[in-house]
Every structure is written in C-alpha cells, then in structure tokens.
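Visitor: Got a structure for you, questions after.
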Amino acid sequence: MSTLTPPRSGKARPLPAPEAARPPKRFRRSAARSRAALGALYATPTAVMVGLFFLVPLVLVGWMSLHKWPLLGAPTMNVPDNYTRIADNELVASAVWFTVKYTVLMTVGLFVVAFGLALLVQQRRRGVGFLRTAFLLPMAVGFASASLLFLGLLSDEIGPLSDLLRKLGVIDGYVSWTSGSSESALGSAMVLVLWRFAGFNMLILLTGLQAIPLEVYEAARIDGASRWQTFRRVTIPLMRPTIALVLTMMITGSLLAFDQFWILTRGGPDNSTTSLVMVIYREAFIRLDLGSAAAISVALLAVLVVFNVIQLGVLRRRS
Amino acid sequence: MTRSSLAGRWGYYVTGTALAILFLSPLLWSGWASLRTNTGFGLENYDRLFTSDNGIRVHHVVNSLTVSALTVAGTLLVATLGGYAFGRFRFPGRDLLFLLTLAILMVPYATILIALYVLLGWIGLQDSLIGLSLVLIMFQLPFSIFMMRNSFEAVPRELEESAQVDGCNSVSTLLRIMLPAVKPGLITVGLFAFLTSWSEFFAPLILLNSTDQFTTTLAVVNMRTASHGSIDYAALEAGVVFMAVPCLLLFAFMQRSYVRGFTSGALKG
C-alpha cells in the first residue's frame with residue numbers, strides 16, 4: 001500500500017535534479033500532493049469499472065445465492081436451500097465428475113503438446129518463423145467459431161475425416177464423432193481445444209525457454225550432461241514459474257469449459273459431456289432459477305480461489 | 001556435417017512440416033468446404049448463410065462491429081489512463097486498486113455473469129450492446145492495465161520531464177509525448193480487445209436476449225443450436241470463414257507486434 005504522505009525523493013523515484021536546484025520543501029510537498037491527486041484522477045475510470053462491474057457482481061452473486069431468485073419476479077430469502085439442493089442435484093454430481101476428468105486429461109494433453117511445440121520451434125533456424133505462425137494461427141479464430149469449424153470437420157455429412165478413415169479401413173459404416181459415444185464426444189472436444197490453444201501455450205512456454213541464458217546450457221555441456229539430463233536438471237527447474245503459470249491457466253480454463261461442449265457435443269450423449277458451467281447456464285436460463293445458478297457459481301468460485309491461492313503459495317515458495 | 005546431425009535436421013523438418021500441415025488443414029478445409037457446392041464451387045453457401053430462415057442478417061454484423069468498436073475504444077481509454085496512473089504516479093490506494101484489477105483474472109467470469117445479468121437489468125442496460133461492451137471492457141482490464149503500466153514504466157523519465165519543462169501540462173504531455181512512446185503496447189491491447197470482443201460467445205449468450213441484438217457469433221451458433229432437424233453444415237462453415245477472416249488478416253499483419261508486445265510486456269514483473 002502506498003501511504004498518505006507524499007513520497008520523499010530518496011525512497012521513491014529519485015528526482016534527477018541535484019539537491020541544490022530543488023524548489024523549497026513546502027513547494028515540493030504540495031506539488032507531490034497535486035501529482036498524487038492527478039494520478040488518482042487518471043485511475044478513476046479503472047476504479048469505477050472494477051468497482052461497478054467486478055466487485056458489485058461479486059457481492060451480488062453471493063447475495064443471490066441466499067435467495068430464491070426467479071428470472072422474473074421478486075426474490076425471497078431461502079437460506080440455505082440453494083446450497084443444500086446442490087448436493088441433491090444429480091446433474092451437478094455428474095457434471096463435477098466429468099469436469100474434473102476433462103480438466104485432468106486436457107491439462108496433461110495440452111501441456112505435453114504445447115511444450116513439445118515450444119521445444120521444436122525454440123531455436124532460430126530456417127523455416128522456424130513459418131512453423132510458429134502455423135501453430136499460432138488457430139488462436140486468431142474465435143473459440144466458438146473453432147467449435148463450429150470442428151463440428152463440420154468431424155461430421156459425417158461434409159467432414160473429410162470419416163471418409164478418410166473408411167478408405168484406410170480403420171472404421172466402417174457411420175460414425176458420429178461428436179455425439180456417438182461419451183468417449184468420442186470427449187475426444188472430439190479435446191482435439192478441438194488442442195488445435196485452438198496449443199499455439200498460445202507454446203508462445204508462453206517459448207518466452208520462458210528463451211529467458212534461460214545460453215551460458216547455463218554451455219556450462220551443462222562442458223560438465224558432460226546428456227540432452228535428457230540438461231532438460232531434466234536445467235530446463236525444467238528454470239522454467240518452473242512459466243510452467244506454473246501455464247498449468248494454472250490450463251486448469252482454470254478447463255474447469256470453466258463451456259463453448260466446446262455447448263456447441264460441439266450439446267452436452268451429450270445423455271448429459272455425459274455436460275460441464276459445470278453448462279449446468280449453471282441451464283439452472284439460470286432454462287430452469288429460470290438464478291438463485292440456484294448463483295449458489296453453484298459461488299461454490300465453483302470458492303474452489304477456484306482456494307486453488308489459485310495454493311498455486312500462488314507453491315509458486316512463491318519455490319522461486 | 002555428421003550423419004546424426006543430418007538425420008536430426010531431416011527429422012526436424014519432417015516433423016515440423018507434418019505438424020504445420022496438421023494445424024493449418026482445418027482452416028484450409030473450412031475455406032474449401034464453405035465454397036464447395038453440389039455442382040462445383042461457388043458462393044451459394046454464403047448466400048444461404050445470409051438468407052435462410054435462421055441465418056445471419058446484416059444487423060447482426062453491425063451489432064458485432066458496434067460491440068467491438070465500443071470495447072476496443074473503451075479498453076484503450078481506461079487502460080491508457082489507468083496504465084499511466086499505475087506506471088507513473090503514486091496515490092493512496094494505488095496498489096490495492098492494481099491488485100483488485102488483477103484479481104479479475106482469478107475470478108473467472110462465467111461465475112459472475114449471472115450477477116452481471118441482474119446488475120445490468122437494474123441500471124437499464126439489459127439486452128443492450130452498451131452493457132455487453134462495458135462487461136467486455138472490464139474483462140479486458142487485467143491484461144490491458146498490466147500491459148500499459150509496463151509500457152509507461154519503460155518510457156524514459158527524462159522524456160516526460162523535459163516536456164513539462166517546455167511547458168506542457170499533464171494532459172498534453174500524455175497525448176503528445178507519452179502516447180507515441182507506448183504505441184506498441186496500445187496496438188497489442190487494441191488487437192487483443194478486438195479479437196476477444198469480435199469472437200466472444202458466452203457473455204453475449206447470457207447478456208443479450210432478443211435475436212435483433214445478437215452478435216454475428218451468436219447468430220451463427222444459433223444456426224446450429226436452434227435447428228432441431230438437419231444442420232446446414234456448409235452454410236455453417238461459410239459463417240465460420242466469415243467470422244474468422246477479419247481476425248486472421250489482422251493477426252497475420254500484426255503478429256510481430258502482437259507477439260513482441262505479449263512477450264515483453266505481459267510476462268514481465
């Protein structure tokens with residue numbers, strides 16, 4: 001926290017002017033105060049946006065979770081019904097299980113692919129710019145558009161995949177990738193997310209890789225370390241903050257999965273690919289029960305905040 | 001050159017090319033599929049995209065452009081002022097406000113959108129493009145403020161001071177001296193705000209109710225979700241291409257500054 005008193009030159013930003021050339025102390029103090037006021041003025045739009053559209057909704061979602069809050073009509077307090085009902089909601093139970101399963105599979109898959117790509121394009125050599133662009137390009141396509149793209153790509157009607165696999169003799173007859181079975185629906189969504197997000201995560205891992213000074217590798221080579229040893233003992237430890245950042249983003253993103261299942265699999269077959277955020281949407285806008293949706297949101301929020309705090313703690317201790 | 005390093009180079013190029021083809025082929029396929037018709041190639045699928053019963057309309061595109069313009073302009077305005085304040089001034093509550101802004105990242109928006117829906121209703125912005133834009137600006141703030149703060153911090157102090165000695169007041173110092181110096185940051189923030197707002201799906205799905213207010217993304221997804229019988233996949237791919245082409249062009253032109261801004265600004269500190 002910054003203090004109420006204006007900063008003194010030694011502690012804060014040093015003024016470039018030499019001591020003798022400074023204006024009198026009182027003048028300096030009032031100048032610093034008016035500069036602080038100016039800074040506060042520039043920060044006002046940010047404060048208003050953060051206050052009105054972040055802090056108020058944060059409190060409101062907690063408040064709503066304590067009420068029976070229909071989409072239309074007046075809310076009435078019903079503590080703690082919304083929360084006790086979460087436990088009875090079978091769809092919530094299956095969605096929690098599915099979301100956790102998806103998060104584990106997706107994080108592992110995405111991390112391995114993104115790290116592999118980052119290692120592949122790490123060194124400057126001919127053609128590496130083209131490869132980086134190729135891996136990054138899917139990132140420019142919106143996620144909803146990408147989901148629709150894969151809906152067509154994987155469909156039997158116009159998609160090339162089924163034809164290709166039939167010709168190769170891998171499958172025969174009609175296969176519905178996105179809704180045939182829960183495994184293939186999950187697999188379809190995972191391929192989509194890999195395609196869309198591998199490049200983005202590659203970019204972040206790449207910045208971490210390139211921040212490692214070349215001398216460190218040089219020293220490892222002189223010590224006679226093999227490539228694998230260098231990777232295990234040098235690259236991975238020095239990459240730890242970047243890896244933690246990437247993993248946090250992957251896990252948070254997967255726990256909040258919506259677009260890919262809403263568009264690609266419609267949560268099916270038989271709700272087997274219904275994620276938690278889809279349940280929140282369903283409670284609010286299909287069952288018109290905003291209070292129940294708010295309660296699930298608060299529970300999800302609590303889990304994510306606890307997770308992030310643990311994550312930050314681990315990160316801080318290690319670095 | 002030794003045999004093993006030659007083999008390694010070949011292995012590298014074969015793997016790299018195969019992966020590049022794998023990543024590019026869905027994009028190329030969607031372009032091809034959107035142009036293919038029963039009789040050959042043509043724009044029939046695009047025609048159906050804009051004319052079929054639950055297809056998209058011109059006003060959906062206008063809605064998308066409105067939301068994107070408002071979000072980019074609003075994000076640039078708030079993030080420039082805020083970034084300048086955080087990067088160059090000390091005032092009471094500065095660090096708290098900065099932490100709260102970053103905390104938006106920790107509270108994923110799917111969990112507060114239900115409350116935002118109710119809140120926007122209270123202030124008369126239900127089912128409104130302005131309300132949606134305000135929410136999208138808020139979600140852009142952590143990244144944008146962080147980016148702009150770092151950009152302003154990197155500007156040499158002497159530049160600002162010499163401008164003040166020359167008699168510029170604070171606002172004209174910001175406009176004439178500081179803004180040109182933080183242009184790469186502004187480009188990155190603006191590009192990111194455009195790409196997000198143009199393609200955003202979940203926030204408009206929750207905050208917009210009437211089909212008249214739908215953005216293009218919502219309208220295209222609606223072609224899939226509203227159809228109970230068969231889906232017109234070819235028109236759907238036309239919609240995908242229509243949505244993706246502006247983003248791909250922008251990205252291709254600005255990739256260098258985008259990636260540079262991202263790697264130098266976003267991950268520092």
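In the structure tokens, chains take the letters A, B, ... in the order shown, each chain's residues start at 1, and ligands count up from 1 in the order shown.
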Could you go through segment 62-110 of chain A and tell me which residues DSSP, when run on the backbone, assigns to strand (DSSP E), listing them as a list in words?

Guide: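 Everything in segment 62-110 of chain A that counts as strand (DSSP E) is His67, Lys68, Thr76 and Met77 of chain A.
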
Visitor: Need to verify the contact set: Ser147 of chain A, 9 Å, only C-alpha atoms, exclusion of same-chain residues closer than 6 positions in sequence. Can you return it as a ChimeraX atom specification?

Guide: /A:189,192-193,259-261,263-264

Visitor: Do me a favour and pick out the residues of chain B within 6 Å of chain A, using only C-alpha atoms, as a list in words.

Guide: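 Selected residues: Ala20, Val78, Leu81, Gly82, Ala85, Phe89, Arg90, Phe91, Pro92, Asp95, Thr111, Ala115, Leu116, Ser199, Tyr233, Val240, Ala244, Cys247 and Leu248 of chain B.
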
Visitor: Taking only C-alpha atoms into account, which of B:Ala226, B:Pro204, B:Val241, B:Gln213 comes nearest Asp53 of chain B?

Guide: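 Checking each of B:Ala226, B:Pro204, B:Val241, B:Gln213 against Asp53 of chain B, counting only C-alpha atoms, the winner is B:Ala226.
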
Visitor: Tell me, as a PyMOL selection string, which residues lie within 10 Å of Ile104 of chain B, counting only C-alpha atoms; anything in the same chain fewer than 5 positions away does not count.

Guide: (chain A and resi 50+54-55) or (chain B and resi 99+109+138-143)
